[in-house]
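Enquirer: I'd like to ask some things about the structure below.
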Amino acid sequence: MYTHEHYMLRALEVAQRAEGYTYPNPLVGCVIVHQGRIIGEGYHRKAGEYHAEIEAINSCREPHLLKESVFYVTLEPCAHYGKTPPCALRLKEIGPKMVVVGSYDSNPLVAGKGTALLRQAGVEVLEGVLEKKCRELNRRFFCFHEKKRPYVVLKWAESKDGYIDKNFRPAKITTALESQWVHTMRAKEEAILVGTGTALSDNPSLTTRLVEGPNPLRLLIDRTLKVPETHRIYSSEAPTWVFNLIKEQTRGSTEYIKLSENNIEEQILKVLYQRGIQSVLVEGGAYTLQRLLDLGLYDQIVRFKNESLELEKGTLAPRVPPGLDFKKEWMEESVRMEYQMV
Ligand code: AOF
Ligand code: ZN
């Protein structure tokens with residue numbers, strides 16, 4: 001007989017297939033095991049569609065065995081009527097041998113009610129199997145509900161001597177391989193944020209065109225609306241929200257959101273929370289990255305370092321607080337990717 005961890009790992013694996021597609025919902029996987037044999041598995045594909053448990057039940061060709069089976073779910077089964085009826089109720093009707101749960105659901109609509117409902121119905125529930133991994137899978141969802149702000153990823157590329165541009169002009173610090181990697185990162189977050197300088201000098205489109213995956217929502221900080229609407233950040237491929245000090249307006253897929261002068265970064269995170277945005281990848285510039293670092297408003301840092309490039313003058317890369325434990329990986333001969341999760 002395999003361990004509970006064995007099947008929970010499988011549930012995690014299937015949950016991951018929908019990475020980037022389920023916002024604002026979490027990634028959830030479910031595996032149904034009957035006497036050591038998997039008889040059903042499923043995952044939540046997209047908000048509004050079936051939850052993982054229902055997908056797994058629907059995939060099962062031997063429904064008469066469900067009652068004698070063990071359900072492995074990466075997240076506590078839901079207990080609320082949302083876009084779909086409560087999964088905990090469906091499991092109660094089946095009355096399986098046991099429900100093994102990876103992590104608690106901190107969405108206030110659920111928050112322990114799912115497991116309570118099952119236990120009250122006499123279903124054995126085992127919680128916390130591979131909890132760390134299950135929480136990591138939905139780190140954005142948990143951050144959103146627990147810290148009441150989106151999950152913030154800070155990303156930049158710097159030269160060996162610690163600059164992010166040369167004489168204040170964009171420099172080619174990374175190569176095609178890292179660009180592809182960045183597009184993969186973009187596809188996993190719900191929104192991408194850049195400041196005025198970056199939008200003007202790099203003219204990025206902030207899409208995921210190099211990989212398969214959804215285009216995130218684009219966020220621009222442009223206090224006095226300096227970035228021309230002909231710039232790529234305004235292209236029609238994805239919506240754009242422009243945080244500024246001048247106007248509040250919606251035009252096509254562009255929305256101008258007016259903020260007050262001080263504490264722009266905090267105001268932005270507040271608006272994003274109010275609008276249900278669960279994660280944001282901050283791609284620069286240095287000022288915005290540094291502000292978020294100084295305020296401690298970040299959850300993950302991804303920094304590319306080109307060890308064979310010296311730029312000598314330009315904008316200094318953001319300074320990270322001392323004592324951060326960066327994991328290091330060589331992307332290719334000279335470029336190292338360093339990342340850290342809080
Ligand atoms: C589960 N299984 O596969 C998922 C769950 O709007 P709804 O009805 O889809 O509900 C979304 C909430 O349900 C979501 O915020 C989270 O708390 C839970 N998601 N629960 O039992 C699943 N995706
Ligand atoms: Zn559910």
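Chain identifiers are assigned as A, B, and so on, following the order in which chains appear in the structure tokens; residues are numbered from 1 within each chain, and ligands are numbered from 1 in order of appearance.
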Kindly compile the residues surrounding ligand 1 within 6 Å, counting only C-alpha atoms and all ligand atoms, and format them as a list in words.

Expert: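 Based on only C-alpha atoms and all ligand atoms, ligand 1 is surrounded within 6 Å by Asn25, Pro26, Val28, His44, Ala47, Gly48, His51, Ala52, Glu76, Pro77, Cys78, Gly82, Lys83, Thr84, Cys87, Asp105, Asn107 and Val110 of chain A.
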
Enquirer: Enumerate as a list in words all residues of range 199-336 of chain A assigned to helix (DSSP H, G or I) by DSSP on the backbone, naming them with the chain letters and numbers the document uses.

Expert: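 Assigned to helix (DSSP H, G or I), within range 199-336 of chain A: Ala199, Leu200, Ser201, Asp202, Arg232, Ile233, Tyr234, Ile264, Glu265, Glu266, Gln267, Ile268, Leu269, Lys270, Val271, Leu272, Tyr273, Gln274, Ala286, Tyr287, Thr288, Leu289, Gln290, Arg291, Leu292, Leu293, Asp294 and Leu295 of chain A.
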
Enquirer: Excluding Glu55 in chain A and its own-chain neighbours fewer than 6 positions away, which residues fall within 8 Å of it when counting only C-alpha atoms? Please give them as a PyMOL selection string.

Expert: chain A and resi 41-44

Enquirer: What does the file look like for those residues with C-alpha atoms, as a PDB file, in the first residue's frame?

Expert:
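So the final result, stored in again-v3.pdb, reads:
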```
ATOM      1  CA  GLU A  41      -8.796  12.056 -10.917  1.00  0.00           C
ATOM      2  CA  GLY A  42      -9.532  15.621 -11.849  1.00  0.00           C
ATOM      3  CA  TYR A  43      -8.558  19.226 -11.367  1.00  0.00           C
ATOM      4  CA  HIS A  44     -10.188  22.604 -11.349  1.00  0.00           C
TER       5      HIS A  44
END
```

Enquirer: Could you tell me, as a PyMOL selection string, which residues of range 107-265 of chain A DSSP assigns to strand (DSSP E or B) when given the backbone?

Expert: chain A and resi 124-127+151-159+163+165-166+169-170+191-195+217-221+240-244+249-251+254-258

Enquirer: Tell me, in Å to one decimal, how far CA of Ala157 in chain A is from CA of Thr230 in chain A.

Expert: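 Calculated distance between CA of Ala157 in chain A and CA of Thr230 in chain A is 26.1 Å.
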
Enquirer: If we count only C-alpha atoms, what is near range 255-258 of chain A at a cut-off of 10 Å, once residues fewer than 5 positions away on the same chain are taken out, given as a ChimeraX atom specification?

Expert: /A:219-223,225,239-250,268,271

Enquirer: What does the file look like for those residues with N, CA and C atoms, as a short mmCIF file (atom, residue, chain, number, x, y, z; two decimals), in the first residue's frame?

Expert:
```cif
data_model
loop_
_atom_site.label_atom_id
_atom_site.label_comp_id
_atom_site.auth_asym_id
_atom_site.auth_seq_id
_atom_site.Cartn_x
_atom_site.Cartn_y
_atom_site.Cartn_z
N LEU A 219 -0.46 46.52 -15.74
CA LEU A 219 -0.63 47.66 -14.83
C LEU A 219 0.52 48.63 -15.09
N LEU A 220 0.17 49.89 -15.23
CA LEU A 220 1.18 50.92 -15.49
C LEU A 220 1.05 52.02 -14.44
N ILE A 221 2.19 52.39 -13.85
CA ILE A 221 2.16 53.57 -12.97
C ILE A 221 2.64 54.73 -13.84
N ASP A 222 1.76 55.67 -14.10
CA ASP A 222 2.13 56.81 -14.95
C ASP A 222 1.44 58.05 -14.37
N ARG A 223 2.11 58.61 -13.36
CA ARG A 223 1.49 59.70 -12.57
C ARG A 223 0.92 60.81 -13.44
N LEU A 225 0.70 60.82 -16.86
CA LEU A 225 0.31 60.30 -18.18
C LEU A 225 1.30 60.70 -19.29
N PRO A 239 -6.00 43.75 -21.28
CA PRO A 239 -6.43 45.01 -20.68
C PRO A 239 -5.28 45.72 -19.96
N THR A 240 -5.38 47.02 -19.81
CA THR A 240 -4.35 47.80 -19.12
C THR A 240 -5.02 48.75 -18.13
N TRP A 241 -4.51 48.75 -16.92
CA TRP A 241 -4.98 49.72 -15.92
C TRP A 241 -3.84 50.71 -15.70
N VAL A 242 -4.17 52.00 -15.78
CA VAL A 242 -3.14 53.02 -15.65
C VAL A 242 -3.36 53.80 -14.35
N PHE A 243 -2.43 53.62 -13.41
CA PHE A 243 -2.53 54.34 -12.13
C PHE A 243 -1.91 55.71 -12.31
N ASN A 244 -2.71 56.75 -12.06
CA ASN A 244 -2.23 58.11 -12.34
C ASN A 244 -2.83 59.10 -11.34
N LEU A 245 -2.39 60.35 -11.47
CA LEU A 245 -2.87 61.39 -10.53
C LEU A 245 -3.88 62.31 -11.19
N ILE A 246 -4.25 62.05 -12.44
CA ILE A 246 -5.04 63.01 -13.20
C ILE A 246 -6.50 62.62 -13.45
N LYS A 247 -6.71 61.41 -13.97
CA LYS A 247 -8.09 61.09 -14.36
C LYS A 247 -8.55 59.68 -14.03
N GLU A 248 -9.87 59.57 -13.97
CA GLU A 248 -10.55 58.29 -13.73
C GLU A 248 -11.39 58.08 -14.98
N GLN A 249 -11.10 57.07 -15.76
CA GLN A 249 -11.81 56.92 -17.04
C GLN A 249 -11.64 55.50 -17.58
N THR A 250 -12.66 55.04 -18.31
CA THR A 250 -12.52 53.74 -18.98
C THR A 250 -12.67 53.96 -20.47
N ILE A 268 -1.97 51.18 -4.77
CA ILE A 268 -2.16 50.23 -5.87
C ILE A 268 -2.51 48.84 -5.33
N VAL A 271 -6.08 48.79 -4.22
CA VAL A 271 -7.04 48.72 -5.33
C VAL A 271 -7.06 47.29 -5.89
#
```

Enquirer: What's the separation between CA of Leu316 in chain A and CA of Trp181 in chain A, in Å to one decimal place?

Expert: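 Taking CA of Leu316 in chain A as the start and CA of Trp181 in chain A as the end point, the length is 23.1 Å.
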
Enquirer: Find the residues near Gln120 in chain A: any atom within 12 Å, counting only C-alpha atoms, skip ones fewer than 5 places away on the same chain, and give them as a list in words.

Expert: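 The contact residues come out as Ala88, Leu89, Lys92, Gly95, Lys113, Gly114, Thr115 and Val125 of chain A.
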
Enquirer: Report, in Å with one decimal, the straight-line distance from CA of Pro322 in chain A to CA of Ile164 in chain A.

Expert: 19.7 Å
